[in-house]
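Structure data (mmCIF, C-alpha atoms and all ligand atoms) from query_0.cif:
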```
data_input
#
loop_
_atom_site.label_atom_id
_atom_site.label_comp_id
_atom_site.auth_asym_id
_atom_site.auth_seq_id
_atom_site.Cartn_x
_atom_site.Cartn_y
_atom_site.Cartn_z
CA MET N 788 27.45 -15.42 7.07
CA GLN N 789 25.63 -13.60 4.34
CA LYS N 790 24.28 -10.08 4.73
CA LYS N 791 20.60 -10.00 3.76
CA TYR N 792 18.66 -7.31 1.92
CA LEU N 793 14.87 -7.32 1.91
CA MET N 794 13.77 -5.65 -1.34
CA THR N 795 10.14 -6.71 -1.43
CA PRO N 796 7.03 -4.50 -1.37
CA GLY N 797 6.04 -5.96 2.00
CA PRO N 798 7.19 -6.99 4.44
CA THR N 799 9.73 -4.19 4.26
CA PRO N 800 12.87 -3.50 6.34
CA VAL N 801 12.32 -2.22 9.89
CA PRO N 802 14.70 0.53 11.11
CA SER N 803 16.70 -0.24 14.25
CA GLU N 804 15.03 2.69 16.08
CA VAL N 805 11.68 0.95 15.58
CA LEU N 806 13.03 -2.51 16.45
CA LEU N 807 14.49 -1.19 19.68
CA ALA N 808 11.23 0.54 20.63
CA GLN N 809 9.39 -2.72 20.04
CA ALA N 810 11.89 -4.67 22.12
CA ARG N 811 11.07 -2.71 25.29
CA PRO N 812 9.38 -4.76 28.02
CA ALA N 813 5.64 -5.07 27.41
CA ILE N 814 3.37 -2.51 29.06
CA HIS N 815 -0.27 -3.00 29.86
CA HIS N 816 -2.64 -1.49 27.33
CA ARG N 817 -5.00 0.07 29.91
CA THR N 818 -2.40 2.50 31.20
CA PRO N 819 -1.62 6.19 30.57
CA ASP N 820 1.76 5.18 29.09
CA PHE N 821 0.10 3.06 26.44
CA SER N 822 -2.59 5.68 25.76
CA ALA N 823 0.15 8.24 25.10
CA ALA N 824 1.80 5.95 22.53
CA LEU N 825 -1.57 5.13 20.94
CA MET N 826 -2.52 8.78 20.52
CA GLU N 827 0.94 9.62 19.14
CA ALA N 828 0.47 6.82 16.61
CA VAL N 829 -3.07 7.89 15.68
CA ASN N 830 -2.16 11.57 15.31
CA GLY N 831 0.93 10.57 13.34
CA LEU N 832 -1.19 8.49 10.99
CA LYS N 833 -3.43 11.52 10.41
CA TYR N 834 -0.30 13.41 9.39
CA VAL N 835 0.82 10.63 7.03
CA PHE N 836 -2.69 10.13 5.59
CA GLN N 837 -3.03 13.94 5.33
CA THR N 838 -6.42 13.90 6.99
CA GLU N 839 -8.52 15.28 9.80
CA ASN N 840 -10.85 12.26 9.51
CA ASP N 841 -10.94 9.54 12.14
CA VAL N 842 -8.07 7.08 11.76
CA LEU N 843 -8.65 3.69 13.37
CA ILE N 844 -5.92 1.18 14.18
CA MET N 845 -6.70 -2.54 14.18
CA GLY N 846 -4.71 -5.64 14.93
CA SER N 847 -4.81 -7.42 11.57
CA SER N 848 -3.10 -7.59 8.21
CA GLY N 849 -4.24 -5.26 5.45
CA THR N 850 -6.95 -7.64 4.29
CA GLY N 851 -8.75 -7.20 7.63
CA VAL N 852 -9.28 -3.49 7.05
CA MET N 853 -10.17 -4.14 3.40
CA GLU N 854 -12.93 -6.41 4.65
CA SER N 855 -13.97 -3.82 7.26
CA SER N 856 -14.45 -1.22 4.53
CA ILE N 857 -17.13 -3.41 2.99
CA SER N 858 -18.84 -4.69 6.14
CA ASN N 859 -19.02 -1.18 7.64
CA CYS N 860 -20.31 0.78 4.66
CA PHE N 861 -22.93 -1.38 2.98
CA CYS N 862 -26.05 -3.54 3.17
CA ALA N 863 -26.44 -6.88 1.39
CA GLY N 864 -27.53 -6.25 -2.19
CA ASP N 865 -26.02 -2.74 -2.38
CA LYS N 866 -24.53 -1.86 -5.71
CA ILE N 867 -20.78 -1.19 -5.66
CA ILE N 868 -18.28 -0.45 -8.43
CA VAL N 869 -15.01 -2.30 -7.87
CA THR N 870 -12.15 -1.47 -10.22
CA HIS N 871 -9.07 -3.64 -10.49
CA ASN N 872 -5.87 -3.98 -12.44
CA GLY N 873 -4.13 -6.53 -10.28
CA LYS N 874 -4.44 -9.15 -7.58
CA PHE N 875 -5.35 -6.85 -4.68
CA GLY N 876 -8.14 -5.05 -6.48
CA GLU N 877 -9.50 -8.47 -7.42
CA ARG N 878 -9.54 -9.27 -3.70
CA MET N 879 -11.91 -6.34 -3.11
CA THR N 880 -14.31 -7.89 -5.62
CA GLN N 881 -14.09 -11.22 -3.79
CA ILE N 882 -14.74 -9.60 -0.40
CA SER N 883 -17.69 -7.61 -1.78
CA GLU N 884 -19.17 -10.76 -3.28
CA ALA N 885 -18.63 -12.67 -0.04
CA TYR N 886 -20.80 -10.05 1.68
CA GLY N 887 -23.55 -10.37 -0.92
CA LEU N 888 -23.08 -7.01 -2.62
CA ASN N 889 -24.20 -6.40 -6.18
CA VAL N 890 -20.74 -5.90 -7.69
CA ILE N 891 -20.11 -4.02 -10.91
CA ASP N 892 -16.74 -5.53 -11.60
CA MET N 893 -14.51 -3.23 -13.68
CA ALA N 894 -11.54 -5.30 -14.76
CA PHE N 895 -8.55 -3.70 -16.43
CA GLU N 896 -5.40 -5.39 -17.67
CA TRP N 897 -2.60 -5.56 -15.10
CA THR N 898 -0.54 -3.40 -17.47
CA GLU N 899 -3.20 -0.66 -17.65
CA VAL N 900 -4.32 2.12 -15.35
CA VAL N 901 -7.91 2.19 -14.10
CA SER N 902 -9.54 4.63 -16.50
CA PRO N 903 -11.12 7.61 -14.68
CA GLU N 904 -13.36 8.15 -17.73
CA ALA N 905 -14.63 4.56 -17.55
CA VAL N 906 -15.42 4.99 -13.84
CA ALA N 907 -17.29 8.24 -14.61
CA GLU N 908 -19.30 6.39 -17.28
CA ALA N 909 -20.04 3.50 -14.91
CA LEU N 910 -21.31 5.95 -12.28
CA LYS N 911 -23.44 7.75 -14.83
CA ALA N 912 -25.00 4.41 -15.80
CA ASN N 913 -25.36 3.37 -12.14
CA PRO N 914 -26.12 6.53 -10.13
CA ASP N 915 -27.49 4.30 -7.34
CA ALA N 916 -24.03 2.79 -6.69
CA ARG N 917 -23.21 3.09 -2.99
CA GLY N 918 -19.46 2.80 -3.38
CA VAL N 919 -16.47 2.95 -5.72
CA VAL N 920 -13.31 1.00 -4.88
CA VAL N 921 -9.86 1.72 -6.32
CA THR N 922 -6.47 0.29 -5.41
CA GLN N 923 -4.21 3.32 -5.50
CA SER N 924 -0.89 1.49 -5.74
CA GLU N 925 -1.47 -2.01 -7.13
CA THR N 926 1.41 -4.02 -5.70
CA SER N 927 1.05 -6.97 -8.05
CA SER N 928 1.44 -4.79 -11.14
CA GLY N 929 3.21 -1.67 -9.85
CA VAL N 930 0.48 0.48 -11.42
CA LEU N 931 -0.46 3.78 -9.80
CA ASN N 932 -4.10 4.68 -10.32
CA ASP N 933 -5.33 8.27 -10.52
CA ILE N 934 -7.50 8.47 -7.41
CA LYS N 935 -7.48 12.26 -7.45
CA THR N 936 -9.38 12.45 -10.75
CA ILE N 937 -11.70 9.57 -9.87
CA GLY N 938 -12.36 11.24 -6.49
CA GLU N 939 -13.58 14.40 -8.22
CA THR N 940 -16.24 12.31 -9.99
CA VAL N 941 -17.30 10.31 -6.94
CA ALA N 942 -17.66 13.53 -4.93
CA GLY N 943 -20.66 14.39 -7.13
CA TYR N 944 -22.61 11.40 -5.75
CA PRO N 945 -23.57 12.19 -2.13
CA ASP N 946 -24.51 8.59 -1.22
CA CYS N 947 -21.49 6.95 -2.83
CA VAL N 948 -18.36 6.38 -0.74
CA PHE N 949 -14.92 6.36 -2.31
CA ILE N 950 -12.84 3.50 -0.89
CA ILE N 951 -9.10 3.42 -1.46
CA ASP N 952 -6.72 0.56 -0.87
CA SER N 953 -3.55 2.55 -0.32
CA ILE N 954 -1.81 -0.31 1.44
CA THR N 955 1.36 0.28 -0.60
CA GLY N 956 0.50 3.88 -1.44
CA ILE N 957 0.65 5.53 1.99
CA GLY N 958 4.16 6.82 2.63
CA ALA N 959 5.31 6.12 -0.94
CA VAL N 960 3.12 8.24 -3.19
CA GLU N 961 0.96 11.30 -2.66
CA CYS N 962 -2.31 10.39 -0.98
CA LYS N 963 -4.12 13.59 0.01
CA THR N 964 -7.05 12.05 1.80
CA ASP N 965 -8.98 15.25 2.61
CA GLU N 966 -8.01 17.37 -0.38
CA TRP N 967 -8.93 14.58 -2.80
CA GLY N 968 -12.18 13.57 -1.06
CA LEU N 969 -11.10 10.02 -0.19
CA ASP N 970 -13.72 8.63 2.18
CA VAL N 971 -12.00 5.45 3.29
CA VAL N 972 -8.23 4.96 3.01
CA MET N 973 -6.30 2.00 4.34
CA THR N 974 -2.76 0.81 4.86
CA GLY N 975 -0.88 -2.01 6.59
CA SER N 976 2.08 -1.89 8.94
CA GLN N 977 4.52 -3.98 6.88
CA LYS N 978 4.66 -1.41 4.07
CA GLY N 979 5.47 2.31 4.11
CA LEU N 980 5.05 2.48 7.88
CA MET N 981 8.32 0.50 8.28
CA LEU N 982 6.95 -2.00 10.82
CA PRO N 983 6.58 -5.76 10.94
CA PRO N 984 3.20 -7.14 9.79
CA GLY N 985 0.18 -7.30 12.11
CA LEU N 986 -1.28 -3.81 12.33
CA ALA N 987 -3.56 -2.02 9.89
CA ALA N 988 -5.02 1.48 9.79
CA ILE N 989 -8.06 2.97 8.10
CA SER N 990 -9.38 6.52 7.81
CA VAL N 991 -13.11 7.21 7.77
CA SER N 992 -14.72 10.43 6.49
CA GLU N 993 -18.07 11.92 7.57
CA LYS N 994 -19.62 10.57 4.37
CA ALA N 995 -18.32 7.09 5.21
CA TRP N 996 -19.73 7.39 8.75
CA ARG N 997 -23.13 8.17 7.20
CA ALA N 998 -22.79 4.97 5.15
CA TYR N 999 -21.86 3.17 8.38
CA GLU N 1000 -25.07 4.37 10.07
CA ARG N 1001 -27.14 2.85 7.29
CA SER N 1002 -25.10 -0.36 6.92
CA THR N 1003 -26.67 -3.61 8.13
CA LEU N 1004 -23.93 -6.09 7.23
CA PRO N 1005 -22.75 -8.17 10.21
CA LYS N 1006 -19.61 -7.01 12.00
CA TYR N 1007 -18.05 -7.37 15.41
CA TYR N 1008 -14.24 -7.37 15.71
CA PHE N 1009 -13.97 -4.96 12.77
CA ASP N 1010 -16.92 -2.76 13.80
CA TRP N 1011 -15.53 0.75 13.22
CA ALA N 1012 -17.74 2.40 15.86
CA LYS N 1013 -16.15 0.28 18.58
CA TYR N 1014 -12.73 1.67 17.65
CA ARG N 1015 -13.97 5.26 17.42
CA LYS N 1016 -15.70 5.04 20.80
CA SER N 1017 -12.60 3.57 22.45
CA LEU N 1018 -10.36 6.20 20.88
CA GLU N 1019 -12.45 8.90 22.56
CA LYS N 1020 -11.08 7.37 25.79
CA GLU N 1021 -7.60 7.04 24.27
CA THR N 1022 -7.78 3.27 24.17
CA THR N 1023 -8.72 0.31 21.97
CA PRO N 1024 -11.77 -1.98 22.18
CA PHE N 1025 -9.70 -5.19 22.30
CA THR N 1026 -6.16 -6.11 23.27
CA PRO N 1027 -4.14 -4.14 20.72
CA PRO N 1028 -0.86 -5.19 19.05
CA GLY N 1029 0.93 -3.16 21.75
CA SER N 1030 4.53 -3.44 20.62
CA LEU N 1031 3.54 -2.61 17.03
CA ILE N 1032 1.77 0.53 18.21
CA ILE N 1033 4.81 1.55 20.24
CA GLY N 1034 6.95 0.85 17.16
CA LEU N 1035 4.54 2.88 15.04
CA ALA N 1036 4.90 5.90 17.32
CA GLU N 1037 8.66 5.65 16.75
CA ALA N 1038 8.31 5.17 12.97
CA ILE N 1039 6.02 8.21 12.84
CA LYS N 1040 8.72 10.27 14.58
CA MET N 1041 11.11 9.34 11.76
CA LEU N 1042 8.53 10.18 9.09
CA ARG N 1043 7.75 13.53 10.73
CA GLU N 1044 11.44 14.30 10.90
CA GLU N 1045 11.86 13.62 7.20
CA GLY N 1046 8.59 15.39 6.33
CA ILE N 1047 5.93 13.59 4.28
CA GLU N 1048 6.67 15.52 1.08
CA ASN N 1049 10.35 14.54 1.35
CA THR N 1050 9.40 10.93 2.05
CA ILE N 1051 7.38 10.86 -1.14
CA ALA N 1052 10.17 12.57 -3.10
CA ARG N 1053 12.65 9.97 -1.80
CA HIS N 1054 10.42 7.16 -3.00
CA SER N 1055 9.99 8.75 -6.36
CA ARG N 1056 13.79 9.07 -6.73
CA LEU N 1057 14.35 5.44 -5.72
CA ALA N 1058 11.69 4.30 -8.19
CA GLU N 1059 13.16 6.38 -10.99
CA ALA N 1060 16.67 5.00 -10.33
CA THR N 1061 15.32 1.44 -10.31
CA ARG N 1062 13.44 1.98 -13.56
CA ARG N 1063 16.38 3.63 -15.31
CA GLY N 1064 18.75 0.95 -13.98
CA CYS N 1065 16.58 -1.90 -15.24
CA GLU N 1066 16.03 -0.25 -18.61
CA ALA N 1067 19.79 0.22 -18.99
CA LEU N 1068 20.08 -3.57 -18.69
CA GLY N 1069 17.63 -3.95 -21.55
CA LEU N 1070 14.74 -4.98 -19.30
CA LYS N 1071 11.24 -3.74 -20.11
CA LEU N 1072 9.07 -2.05 -17.52
CA PHE N 1073 5.74 -3.72 -16.79
CA ALA N 1074 3.63 -0.75 -15.64
CA PRO N 1075 2.52 1.80 -18.26
CA PRO N 1076 4.22 5.23 -18.39
CA GLU N 1077 1.03 7.02 -17.31
CA GLY N 1078 0.79 5.04 -14.08
CA ARG N 1079 4.05 3.97 -12.53
CA GLY N 1080 4.07 3.89 -8.74
CA SER N 1081 6.98 4.41 -6.37
CA ALA N 1082 6.42 1.41 -4.09
CA VAL N 1083 7.55 -1.37 -6.39
CA THR N 1084 9.07 -1.70 -9.85
CA PRO N 1085 7.97 -4.76 -11.81
CA VAL N 1086 9.95 -5.61 -14.94
CA TRP N 1087 9.47 -8.26 -17.58
CA VAL N 1088 11.83 -11.21 -17.42
CA PRO N 1089 13.86 -11.19 -20.65
CA GLU N 1090 13.25 -13.87 -23.27
CA GLY N 1091 15.14 -17.09 -22.58
CA VAL N 1092 15.70 -16.38 -18.86
CA ASP N 1093 13.88 -18.26 -16.10
CA GLY N 1094 12.14 -15.62 -13.97
CA LYS N 1095 11.85 -17.84 -10.91
CA ALA N 1096 15.61 -18.54 -11.16
CA ILE N 1097 16.34 -14.77 -11.02
CA VAL N 1098 14.52 -14.50 -7.68
CA LYS N 1099 16.18 -17.65 -6.34
CA VAL N 1100 19.74 -16.80 -7.39
CA MET N 1101 19.44 -13.25 -6.10
CA LYS N 1102 18.32 -14.56 -2.73
CA ASP N 1103 20.47 -17.68 -2.36
CA THR N 1104 23.69 -16.43 -3.95
CA HIS N 1105 23.56 -12.72 -3.24
CA GLY N 1106 21.30 -12.38 -0.17
CA VAL N 1107 18.93 -9.98 -1.93
CA THR N 1108 15.26 -10.92 -1.69
CA ILE N 1109 13.03 -9.48 -4.40
CA ALA N 1110 9.51 -10.60 -5.33
CA GLY N 1111 8.39 -12.63 -8.30
CA GLY N 1112 5.23 -12.17 -10.33
CA GLN N 1113 1.84 -13.26 -9.04
CA ASP N 1114 -0.88 -15.37 -10.68
CA ASP N 1115 -0.54 -15.26 -14.50
CA TYR N 1116 2.72 -13.35 -14.18
CA ALA N 1117 4.53 -15.87 -11.96
CA GLY N 1118 7.93 -16.45 -13.59
CA ARG N 1119 7.25 -13.74 -16.18
CA ILE N 1120 8.00 -10.63 -14.16
CA ILE N 1121 10.17 -9.77 -11.19
CA ARG N 1122 9.28 -7.02 -8.71
CA ILE N 1123 11.79 -4.87 -6.86
CA GLY N 1124 10.31 -3.24 -3.76
CA HIS N 1125 11.50 0.17 -2.55
CA LEU N 1126 8.75 1.08 -0.11
CA GLY N 1127 9.56 2.25 3.39
CA TYR N 1128 13.00 2.29 4.95
CA PHE N 1129 15.08 2.47 1.77
CA GLY N 1130 17.91 4.65 0.56
CA ASN N 1131 19.94 5.11 -2.61
CA PHE N 1132 22.43 2.37 -1.84
CA ASP N 1133 19.75 -0.29 -1.40
CA ILE N 1134 18.95 0.28 -5.06
CA ILE N 1135 22.62 0.16 -6.07
CA VAL N 1136 23.08 -3.13 -4.19
CA THR N 1137 19.96 -4.62 -5.77
CA LEU N 1138 20.90 -3.60 -9.28
CA ALA N 1139 24.41 -5.01 -8.75
CA ALA N 1140 22.95 -8.30 -7.54
CA LEU N 1141 20.52 -8.30 -10.47
CA GLU N 1142 23.37 -7.73 -12.92
CA MET N 1143 25.43 -10.58 -11.44
CA THR N 1144 22.39 -12.86 -11.43
CA LEU N 1145 21.49 -12.09 -15.04
CA ALA N 1146 25.10 -12.68 -16.09
CA GLN N 1147 25.09 -16.02 -14.23
CA LEU N 1148 21.88 -16.98 -16.02
CA GLY N 1149 23.43 -16.29 -19.42
CA TYR N 1150 21.66 -13.04 -20.31
CA GLY N 1151 23.76 -10.68 -22.42
CA PHE N 1152 24.01 -7.00 -21.47
CA GLU N 1153 26.55 -4.33 -20.69
CA ARG N 1154 27.87 -5.03 -17.19
CA GLY N 1155 27.65 -2.02 -14.89
CA ALA N 1156 25.09 -0.21 -17.05
CA GLY N 1157 22.29 -0.57 -14.50
CA ILE N 1158 24.31 0.80 -11.62
CA LYS N 1159 25.60 3.65 -13.77
CA ALA N 1160 22.07 4.66 -14.76
CA ALA N 1161 20.90 4.59 -11.14
CA GLU N 1162 23.90 6.63 -10.01
CA ALA N 1163 23.01 9.23 -12.63
CA VAL N 1164 19.55 9.62 -11.07
CA PHE N 1165 21.04 9.97 -7.59
CA MET N 1166 23.52 12.54 -8.87
CA GLY N 1167 20.72 14.55 -10.46
CA GLU N 1168 21.94 13.90 -14.01
C1 LIG N 1201 -2.22 -3.13 -2.46
C2 LIG N 1201 -2.41 -4.20 -1.45
N1 LIG N 1201 -3.63 -4.45 -0.98
C3 LIG N 1201 -3.86 -5.39 -0.06
C4 LIG N 1201 -2.85 -6.18 0.45
C5 LIG N 1201 -3.17 -7.23 1.43
O1 LIG N 1201 -2.58 -6.96 2.64
P1 LIG N 1201 -2.21 -8.12 3.67
O2 LIG N 1201 -1.35 -9.11 2.96
O3 LIG N 1201 -1.47 -7.35 4.74
O4 LIG N 1201 -3.47 -8.70 4.16
C6 LIG N 1201 -1.56 -5.97 0.00
C7 LIG N 1201 -0.44 -6.80 0.49
O5 LIG N 1201 0.58 -6.95 -0.14
C8 LIG N 1201 -1.33 -4.95 -0.97
O6 LIG N 1201 -0.09 -4.72 -1.43
#
```
What do you get writing this file as structure tokens?
Ligand SMILES: Cc1ncc(COP(=O)(O)O)c(C=O)c1O
Amino acid sequence: MQKKYLMTPGPTPVPSEVLLAQARPAIHHRTPDFSAALMEAVNGLKYVFQTENDVLIMGSSGTGVMESSISNCFCAGDKIIVTHNGKFGERMTQISEAYGLNVIDMAFEWTEVVSPEAVAEALKANPDARGVVVTQSETSSGVLNDIKTIGETVAGYPDCVFIIDSITGIGAVECKTDEWGLDVVMTGSQKGLMLPPGLAAISVSEKAWRAYERSTLPKYYFDWAKYRKSLEKETTPFTPPGSLIIGLAEAIKMLREEGIENTIARHSRLAEATRRGCEALGLKLFAPPEGRGSAVTPVWVPEGVDGKAIVKVMKDTHGVTIAGGQDDYAGRIIRIGHLGYFGNFDIIVTLAALEMTLAQLGYGFERGAGIKAAEAVFMGE
């Protein structure tokens, strides 16, 4: 037997409280019992998203709600500014193009933040843009984008909705939906919400509802109004992922107990320990200092070491699953997830496994240095 550790930025570990809630015998979704769980989940999501806006729950992975943000806010031919500095932002460009939007594609390097100044310039040059899209926490690159500053600019354009992919942001980094004027914010269950995959949530502001009223793109399963109308009757338009919603109500209880500010502080501590631990091993951080998120820490694979072998040895020999790089960065970076149900000792275990793996692969460094650096963060040193 080998004890397993899931250290990826999604799926993430599911606490036993949530697993047990999900293991209860199925209940029918048109019952008061289910409505109570649904409303607990929806109100809990409002707490986590820090919003009074509508929050809609859908049975899909994150990409489903990403697609819904486009099909519900726009008409074919609408101009939209899509920023990206990683794989998931690129997906928003692909979805927008699939729906026939006129995309102003703002590509940044994966090692850069999305520049708020560049977005302001793009809006000035295209005041008729109907939307701006930013990935808050870009999981492929670990970069945290400054949606607060960009939001201040977008707020000056009354017909332009600000769409945020916070799929690995929610529950890991600050995301003040109302205070920062974020019109559409989305997340997926297998991330900071500490659930298995299969459920996604999206918040919709008044401004985004106005865009919805004007939108003529085709939609059915992901038609936001269907979900809003059903929620008024404390139900869902289609058969919901019932056990995930019951699990979500339980996960929300845990998040409320911790308090969202403490949850975010915990993630920031885990990220800092991971960064300091990796740097103590001589590894270089991938994300730039001005935009390092708390959901995942990507680091460059050192010269002469096979990056794919690091992931494989950590998993096969030590039982610790981390993520590799994506697209151009496959084999060149490794990514350690610490989003959701994680504590200090998950980081210690992962750094220990990383040290043993690097030693096995012939990389020279001071053994124990990574763990020592992480311990220093946890001890407030
Ligand atoms: C930032 C971000 N956006 C979008 C997605 C896509 O979500 P899903 O794989 O659940 O469809 C992910 C998944 O990892 C993500 O991390």
Using all atoms listed in the file, can you list as a tab-separated table (two decimals) with C-alpha atoms, in the frame of the given file the residues within 9 Å of (19.5, 4.6, -16.4)?
```tsv
chain	number	residue	atom	x	y	z
N	1059	GLU	CA	13.16	6.38	-10.99
N	1060	ALA	CA	16.67	5.00	-10.33
N	1061	THR	CA	15.32	1.44	-10.31
N	1062	ARG	CA	13.44	1.98	-13.56
N	1063	ARG	CA	16.38	3.63	-15.31
N	1064	GLY	CA	18.75	0.95	-13.98
N	1065	CYS	CA	16.58	-1.90	-15.24
N	1066	GLU	CA	16.03	-0.25	-18.61
N	1067	ALA	CA	19.79	0.22	-18.99
N	1068	LEU	CA	20.08	-3.57	-18.69
N	1156	ALA	CA	25.09	-0.21	-17.05
N	1157	GLY	CA	22.29	-0.57	-14.50
N	1158	ILE	CA	24.31	0.80	-11.62
N	1159	LYS	CA	25.60	3.65	-13.77
N	1160	ALA	CA	22.07	4.66	-14.76
N	1161	ALA	CA	20.90	4.59	-11.14
N	1162	GLU	CA	23.90	6.63	-10.01
N	1163	ALA	CA	23.01	9.23	-12.63
N	1164	VAL	CA	19.55	9.62	-11.07
```
Counting all atoms listed in the file, which residues in stretch 792-826 of chain N sit no more than 12 Å from stretch 982-999 of chain N? For each one, give the nearest pair of atoms and the distance in Å, sorted by chain then residue number, as JSON lines.
```
{"residue": "N:Gly797", "atom": "CA", "partner": "N:Pro984", "partner_atom": "CA", "distance": 8.4}
{"residue": "N:Pro798", "atom": "CA", "partner": "N:Pro983", "partner_atom": "CA", "distance": 6.6}
{"residue": "N:Thr799", "atom": "CA", "partner": "N:Leu982", "partner_atom": "CA", "distance": 7.5}
{"residue": "N:Pro800", "atom": "CA", "partner": "N:Leu982", "partner_atom": "CA", "distance": 7.6}
{"residue": "N:Val801", "atom": "CA", "partner": "N:Leu982", "partner_atom": "CA", "distance": 5.5}
{"residue": "N:Pro802", "atom": "CA", "partner": "N:Leu982", "partner_atom": "CA", "distance": 8.2}
{"residue": "N:Ser803", "atom": "CA", "partner": "N:Leu982", "partner_atom": "CA", "distance": 10.5}
{"residue": "N:Glu804", "atom": "CA", "partner": "N:Leu982", "partner_atom": "CA", "distance": 10.7}
{"residue": "N:Val805", "atom": "CA", "partner": "N:Leu982", "partner_atom": "CA", "distance": 7.3}
{"residue": "N:Leu806", "atom": "CA", "partner": "N:Leu982", "partner_atom": "CA", "distance": 8.3}
{"residue": "N:Leu807", "atom": "CA", "partner": "N:Leu982", "partner_atom": "CA", "distance": 11.7}
{"residue": "N:Ala808", "atom": "CA", "partner": "N:Leu982", "partner_atom": "CA", "distance": 11.0}
{"residue": "N:Gln809", "atom": "CA", "partner": "N:Leu982", "partner_atom": "CA", "distance": 9.6}
```
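The residue that comes closest to ligand LIG 1201 (chain N), out of N:Asp952, N:Asn872, N:Asp892, N:Ala823 and on the basis of all atoms listed in the file, is N:Asp952.
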Could you give me, as a PDB file with C-alpha atoms, keeping the file's coordinate frame, the residues that have an atom at most 9 Å away from the point (4.5, 13.1, 4.8) in the coordinates of the file, using all atoms listed in the file?
```pdb
ATOM      1  CA  TYR N 834      -0.300  13.410   9.390  1.00  0.00           C
ATOM      2  CA  VAL N 835       0.820  10.630   7.030  1.00  0.00           C
ATOM      3  CA  PHE N 836      -2.690  10.130   5.590  1.00  0.00           C
ATOM      4  CA  GLN N 837      -3.030  13.940   5.330  1.00  0.00           C
ATOM      5  CA  ILE N 957       0.650   5.530   1.990  1.00  0.00           C
ATOM      6  CA  GLY N 958       4.160   6.820   2.630  1.00  0.00           C
ATOM      7  CA  GLU N 961       0.960  11.300  -2.660  1.00  0.00           C
ATOM      8  CA  LEU N1042       8.530  10.180   9.090  1.00  0.00           C
ATOM      9  CA  ARG N1043       7.750  13.530  10.730  1.00  0.00           C
ATOM     10  CA  GLU N1045      11.860  13.620   7.200  1.00  0.00           C
ATOM     11  CA  GLY N1046       8.590  15.390   6.330  1.00  0.00           C
ATOM     12  CA  ILE N1047       5.930  13.590   4.280  1.00  0.00           C
ATOM     13  CA  GLU N1048       6.670  15.520   1.080  1.00  0.00           C
ATOM     14  CA  ASN N1049      10.350  14.540   1.350  1.00  0.00           C
ATOM     15  CA  THR N1050       9.400  10.930   2.050  1.00  0.00           C
ATOM     16  CA  ILE N1051       7.380  10.860  -1.140  1.00  0.00           C
TER      17      ILE N1051
END
```
Worksheet item: Neighbours of ligand LIG 1201 (chain N) within 10 Å, counting all atoms listed in the file, as a ChimeraX atom specification?
Response: /N:795-798,847-854,873-879,921-929,951-956,973-978,984-987,1082-1083
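Relative to atom CA of N:Glu1044, atom CA of N:Arg1056 is found at 18.5 Å.
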Worksheet entry | All residues 12 Å or closer to N:Asp915, all atoms listed in the file, same chain fewer than 3 positions away omitted, as a list of chain:residue names |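 Those residues are N:Gly864, N:Asp865, N:Lys866, N:Ile867, N:Ile868, N:Asn889, N:Ile891, N:Ala909, N:Leu910, N:Lys911, N:Ala912, N:Gly918, N:Val919, N:Val941, N:Tyr944, N:Pro945, N:Asp946, N:Cys947, N:Val948.
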Could the centre and edge lengths of an axis-aligned box, enclosing all atoms of stretch 1156-1160 of chain N in the file with 6 Å extra on each side, be given in Å to one decimal as AutoDock Vina command-line options?
```
--center_x 23.8 --center_y 2.0 --center_z -14.3 --size_x 15.5 --size_y 17.2 --size_z 17.4
```
Item to complete: Have a look at N:Gly1091, N:Thr1084, N:Val1107, N:Pro1027 and name the one nearest to N:Met1143; count only C-alpha atoms.
Response: N:Val1107
Practice prompt. Rank N:Asp1115, N:Ala1058, N:Glu896, N:Pro1075 by their smallest atom-to-atom distance to N:Ile1134, using all atoms listed in the file, and report the top residue only.
Written response: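 Nearest to N:Ile1134: N:Ala1058.
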Worksheet item: Taking only C-alpha atoms into account, which of N:Lys1095, N:Arg1079, N:Lys1102, N:Arg1122 comes nearest N:Lys791?
Response: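 The shortest atom-to-atom distance to N:Lys791 comes from N:Lys1102.
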Practice prompt. Would you mind listing what lies within 7 Å of N:Ile950 as JSON, numbers by chain, with all atoms listed in the file counted and same-chain residues fewer than 5 positions away left out?
Written response: {"N": [919, 920, 921, 969, 970, 971, 972]}
Worksheet item: Between N:Arg1154, N:Gly1149, N:Cys862, N:Ile814, which has the minimum distance to N:Pro1005 (counting all atoms listed in the file)?
Response: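 Residue with the minimum atom-to-atom distance to N:Pro1005: N:Cys862.
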Discussion item. Which residues are near N:Arg1053? Cut-off 9 Å, only C-alpha atoms, ignore same chain within fewer than 6 positions. Put them as an MDAnalysis selection string.
Written reply: chainID N and resid 959 1129:1131
Practice prompt. Can you pull out every residue within 8 Å of N:Pro903, counting all atoms listed in the file, but drop anything in the same chain fewer than 6 positions away, and send it as a ChimeraX atom specification?
Written response: /N:933,936-937
Item to complete: Do a neighbour search on N:Ala1096 at 10 Å with all atoms listed in the file, toss out local chain neighbours closer than 3 positions, and write the hits as a PyMOL selection string.
Response: chain N and resi 1092-1093+1099-1102+1111+1118+1144-1145+1148
